[in-house]
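Peer 1: input_23.cif is reproduced in full below (mmCIF, C-alpha atoms).
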```
data_structure
loop_
_atom_site.label_atom_id
_atom_site.label_comp_id
_atom_site.auth_asym_id
_atom_site.auth_seq_id
_atom_site.Cartn_x
_atom_site.Cartn_y
_atom_site.Cartn_z
CA MET A 163 361.57 -39.18 21.47
CA PRO A 164 357.81 -39.29 20.86
CA ARG A 165 356.04 -36.19 19.59
CA GLU A 166 353.66 -34.41 21.92
CA SER A 167 350.01 -34.60 21.03
CA PHE A 168 348.15 -31.81 19.27
CA PHE A 169 346.11 -31.24 22.43
CA ILE A 170 349.19 -30.87 24.65
CA ASN A 171 350.75 -28.44 22.16
CA ARG A 172 347.59 -26.29 22.18
CA ILE A 173 347.57 -26.19 25.98
CA LYS A 174 351.21 -25.08 25.96
CA SER A 175 350.43 -22.40 23.35
CA VAL A 176 347.63 -20.98 25.49
CA GLY A 177 350.01 -20.98 28.46
CA TYR A 178 352.60 -19.01 26.47
CA ALA A 179 349.91 -16.53 25.39
CA PHE A 180 348.81 -15.96 29.00
CA LYS A 181 352.45 -15.55 30.01
CA GLY A 182 352.83 -12.86 27.31
CA LEU A 183 349.65 -11.12 28.46
CA PHE A 184 350.83 -11.00 32.06
CA LEU A 185 354.33 -9.84 30.99
CA LEU A 186 352.74 -6.97 29.05
CA LEU A 187 350.50 -5.97 31.95
CA ARG A 188 353.34 -6.20 34.46
CA THR A 189 356.09 -4.45 32.51
CA GLU A 190 354.59 -1.99 30.00
CA ALA A 191 353.15 1.34 31.16
CA SER A 192 351.20 1.91 27.95
CA ILE A 193 349.37 -1.42 28.28
CA LYS A 194 348.61 -0.65 31.93
CA ILE A 195 347.00 2.63 30.87
CA GLN A 196 345.06 0.93 28.07
CA PHE A 197 343.89 -1.76 30.51
CA VAL A 198 342.59 0.83 32.99
CA ILE A 199 340.79 2.64 30.16
CA ALA A 200 339.30 -0.70 29.04
CA LEU A 201 338.02 -1.34 32.56
CA LEU A 202 336.50 2.16 32.77
CA MET A 203 334.81 1.76 29.38
CA THR A 204 333.48 -1.64 30.38
CA ALA A 205 332.04 -0.15 33.56
CA ALA A 206 330.53 2.66 31.49
CA GLY A 207 328.93 0.08 29.22
CA PHE A 208 327.19 -1.53 32.18
CA TYR A 209 326.23 1.84 33.67
CA PHE A 210 324.69 3.14 30.44
CA GLU A 211 323.25 -0.26 29.51
CA ILE A 212 324.62 -0.15 25.98
CA SER A 213 323.12 -2.41 23.31
CA SER A 214 324.59 -5.68 22.02
CA GLY A 215 325.85 -3.93 18.90
CA GLU A 216 327.47 -1.21 20.99
CA TRP A 217 329.11 -3.87 23.16
CA MET A 218 330.51 -5.58 20.08
CA ALA A 219 331.92 -2.32 18.72
CA GLN A 220 333.38 -1.40 22.10
CA LEU A 221 334.95 -4.82 22.71
CA ILE A 222 336.42 -4.98 19.21
CA SER A 223 337.87 -1.50 19.72
CA ILE A 224 339.37 -2.44 23.09
CA GLY A 225 340.80 -5.65 21.65
CA MET A 226 342.30 -3.89 18.66
CA VAL A 227 343.95 -1.16 20.71
CA MET A 228 345.41 -3.57 23.23
CA GLY A 229 346.42 -6.12 20.60
CA ILE A 230 348.18 -3.58 18.40
CA GLU A 231 349.79 -2.05 21.50
CA GLY A 232 351.17 -5.51 22.30
CA LEU A 233 352.53 -5.87 18.76
CA ASN A 234 354.05 -2.39 19.01
CA THR A 235 355.80 -3.43 22.20
CA ALA A 236 357.13 -6.57 20.50
CA VAL A 237 358.42 -4.52 17.54
CA GLU A 238 360.14 -2.09 19.93
CA LYS A 239 361.73 -4.90 21.98
CA ILE A 240 363.01 -6.81 18.95
CA SER A 241 364.27 -3.57 17.38
CA ASP A 242 366.19 -2.71 20.55
CA TYR A 243 367.59 -6.25 20.67
CA ILE A 244 368.74 -6.16 17.04
CA GLN A 245 370.15 -2.64 17.22
CA PRO A 246 370.66 -1.22 20.75
CA GLU A 247 372.31 1.93 19.38
CA ASP A 248 370.39 4.87 17.90
CA ASP A 249 369.64 4.03 14.28
CA PRO A 250 367.41 6.07 11.95
CA LYS A 251 366.12 2.93 10.19
CA ILE A 252 365.12 1.31 13.50
CA GLY A 253 363.56 4.62 14.58
CA PHE A 254 361.54 4.63 11.35
CA ILE A 255 360.28 1.10 12.06
CA LYS A 256 359.35 2.02 15.64
CA ASP A 257 357.54 5.15 14.48
CA ILE A 258 355.47 3.16 11.99
CA SER A 259 354.58 0.67 14.73
CA ALA A 260 353.55 3.50 17.06
CA GLY A 261 351.53 5.00 14.21
CA ALA A 262 349.53 1.77 13.95
CA VAL A 263 348.61 2.13 17.62
CA MET A 264 347.60 5.74 16.97
CA ILE A 265 345.27 4.70 14.13
CA VAL A 266 343.35 2.14 16.19
CA SER A 267 343.30 4.48 19.19
CA ILE A 268 341.71 7.27 17.17
CA ILE A 269 339.11 4.88 15.77
CA ALA A 270 338.42 3.55 19.27
CA CYS A 271 337.86 7.11 20.50
CA ILE A 272 335.44 7.73 17.65
CA VAL A 273 333.58 4.51 18.52
CA GLY A 274 333.41 5.70 22.13
CA LEU A 275 332.02 9.08 21.06
CA VAL A 276 329.41 7.43 18.84
CA ILE A 277 328.31 5.13 21.69
CA TYR A 278 328.51 7.49 24.66
CA GLY A 279 328.09 10.94 23.09
CA PRO A 280 324.29 10.73 22.82
CA LYS A 281 324.03 9.23 26.30
CA LEU A 282 326.00 12.09 27.84
CA VAL A 283 324.09 14.87 26.09
#
```
Using structure tokens, write down the structure that the file contains.
Peer 2:
Amino acid sequence: MPRESFFINRIKSVGYAFKGLFLLLRTEASIKIQFVIALLMTAAGFYFEISSGEWMAQLISIGMVMGIEGLNTAVEKISDYIQPEDDPKIGFIKDISAGAVMIVSIIACIVGLVIYGPKLV
């Protein structure tokens, strides 16, 4: 059986990534909330005509929150698959994963305050 080309493999990888993105958006409430917040912040960026640097900070913040939220979801799903029963060690792992989301969320809020605080005052 001949191996698939590098190009075909990359196309398949992008397809799997989009499938994962749509699965997250369709099945996970936390990602849905983050997505709505991202849309609102994007609209705010256009409304307040934020600078290029502010756009970069905002987009990086949005990407980090949503990306880490996706990883948190993956950690929770694999943890539940490995150990469906209550287990303190699995709970510890899930808490750490949720803590990572909390860290980037707090930083994203601070970025939002730095960008929009002066514009709202």
Peer 1: Pick out the closest residue to Lys281 (chain A) from this set: A:Ile195, A:Leu183, A:Ile212, A:Ile240. Count only C-alpha atoms.
Peer 2: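 For Lys281 (chain A), the nearest of the candidates is A:Ile212.
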Peer 1: Taking into account all atoms listed in the file, which residue in the set A:Val176, A:Val237, A:Ala262, A:Leu221 is nearest to Gly207 (chain A)?
Peer 2: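 The shortest atom-to-atom distance to Gly207 (chain A) comes from A:Leu221.
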Peer 1: What residues come out when you apply the PyMOL selection byres ((chain A and resi 233) around 12) to this file, written as a PyMOL selection string?
Peer 2: chain A and resi 182-183+186+193+226-232+234-240+256+258-263
Peer 1: Nearest residue to Ser223 (chain A) out of A:Phe208, A:Ile173, A:Gly274, A:Lys181, using all atoms listed in the file?
Peer 2: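 Of all the options, A:Gly274 lies closest to Ser223 (chain A).
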Peer 1: To verify the selection step, state as a list of chain:residue names which residues the PyMOL selection byres ((chain A and resi 270) around 9) yields on this input.
Peer 2: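 Given this file, the PyMOL selection byres ((chain A and resi 270) around 9) evaluates to A:Ala219, A:Gln220, A:Ile222, A:Ser223, A:Ile224, A:Met226, A:Val227, A:Ile265, A:Val266, A:Ser267, A:Ile268, A:Ile269, A:Cys271, A:Ile272, A:Val273, A:Gly274, A:Leu275.
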Peer 1: For region 252-276 of chain A, where the input has fewer atoms than it should, I would like N, CA, C and O atoms rebuilt and written as a tab-separated table (two decimals), in the frame of the given file.
Peer 2:
```tsv
chain	number	residue	atom	x	y	z
A	252	ILE	N	365.88	1.93	12.40
A	252	ILE	CA	365.12	1.31	13.50
A	252	ILE	C	364.11	2.32	14.03
A	252	ILE	O	362.97	1.96	14.34
A	253	GLY	N	364.49	3.59	14.14
A	253	GLY	CA	363.56	4.62	14.58
A	253	GLY	C	362.36	4.72	13.65
A	253	GLY	O	361.22	4.88	14.10
A	254	PHE	N	362.61	4.60	12.34
A	254	PHE	CA	361.54	4.63	11.35
A	254	PHE	C	360.57	3.47	11.58
A	254	PHE	O	359.35	3.66	11.59
A	255	ILE	N	361.10	2.28	11.80
A	255	ILE	CA	360.28	1.10	12.06
A	255	ILE	C	359.45	1.29	13.32
A	255	ILE	O	358.25	1.00	13.34
A	256	LYS	N	360.07	1.79	14.38
A	256	LYS	CA	359.35	2.02	15.64
A	256	LYS	C	358.26	3.08	15.48
A	256	LYS	O	357.18	2.94	16.05
A	257	ASP	N	358.54	4.11	14.71
A	257	ASP	CA	357.54	5.15	14.48
A	257	ASP	C	356.33	4.60	13.73
A	257	ASP	O	355.18	4.94	14.04
A	258	ILE	N	356.58	3.77	12.74
A	258	ILE	CA	355.47	3.16	11.99
A	258	ILE	C	354.63	2.29	12.92
A	258	ILE	O	353.40	2.34	12.89
A	259	SER	N	355.29	1.52	13.77
A	259	SER	CA	354.58	0.67	14.73
A	259	SER	C	353.74	1.50	15.69
A	259	SER	O	352.58	1.17	15.97
A	260	ALA	N	354.30	2.59	16.18
A	260	ALA	CA	353.55	3.50	17.06
A	260	ALA	C	352.40	4.15	16.31
A	260	ALA	O	351.31	4.37	16.87
A	261	GLY	N	352.59	4.44	15.03
A	261	GLY	CA	351.53	5.00	14.21
A	261	GLY	C	350.34	4.05	14.09
A	261	GLY	O	349.19	4.50	14.06
A	262	ALA	N	350.62	2.76	14.01
A	262	ALA	CA	349.53	1.77	13.95
A	262	ALA	C	348.69	1.83	15.22
A	262	ALA	O	347.46	1.74	15.17
A	263	VAL	N	349.34	1.99	16.36
A	263	VAL	CA	348.61	2.13	17.62
A	263	VAL	C	347.77	3.40	17.59
A	263	VAL	O	346.61	3.40	18.02
A	264	MET	N	348.32	4.47	17.06
A	264	MET	CA	347.60	5.74	16.97
A	264	MET	C	346.33	5.59	16.13
A	264	MET	O	345.27	6.09	16.50
A	265	ILE	N	346.43	4.88	15.01
A	265	ILE	CA	345.27	4.70	14.13
A	265	ILE	C	344.14	4.01	14.87
A	265	ILE	O	343.00	4.50	14.88
A	266	VAL	N	344.44	2.87	15.50
A	266	VAL	CA	343.35	2.14	16.19
A	266	VAL	C	342.86	2.91	17.40
A	266	VAL	O	341.69	2.82	17.76
A	267	SER	N	343.72	3.68	18.04
A	267	SER	CA	343.30	4.48	19.19
A	267	SER	C	342.33	5.58	18.78
A	267	SER	O	341.34	5.83	19.47
A	268	ILE	N	342.62	6.23	17.67
A	268	ILE	CA	341.71	7.27	17.17
A	268	ILE	C	340.35	6.67	16.82
A	268	ILE	O	339.30	7.22	17.20
A	269	ILE	N	340.36	5.54	16.13
A	269	ILE	CA	339.11	4.88	15.77
A	269	ILE	C	338.35	4.46	17.02
A	269	ILE	O	337.12	4.61	17.12
A	270	ALA	N	339.07	3.95	18.03
A	270	ALA	CA	338.42	3.55	19.27
A	270	ALA	C	337.78	4.76	19.96
A	270	ALA	O	336.68	4.65	20.52
A	271	CYS	N	338.44	5.89	19.92
A	271	CYS	CA	337.86	7.11	20.50
A	271	CYS	C	336.60	7.52	19.76
A	271	CYS	O	335.60	7.92	20.38
A	272	ILE	N	336.62	7.40	18.44
A	272	ILE	CA	335.44	7.73	17.65
A	272	ILE	C	334.29	6.78	17.99
A	272	ILE	O	333.15	7.21	18.17
A	273	VAL	N	334.61	5.49	18.12
A	273	VAL	CA	333.58	4.51	18.52
A	273	VAL	C	333.01	4.90	19.88
A	273	VAL	O	331.79	4.89	20.08
A	274	GLY	N	333.87	5.28	20.81
A	274	GLY	CA	333.41	5.70	22.13
A	274	GLY	C	332.51	6.92	22.06
A	274	GLY	O	331.48	6.99	22.75
A	275	LEU	N	332.86	7.88	21.21
A	275	LEU	CA	332.02	9.08	21.06
A	275	LEU	C	330.67	8.74	20.44
A	275	LEU	O	329.64	9.28	20.85
A	276	VAL	N	330.65	7.83	19.47
A	276	VAL	CA	329.41	7.43	18.84
A	276	VAL	C	328.50	6.72	19.87
A	276	VAL	O	327.29	6.96	19.91
```
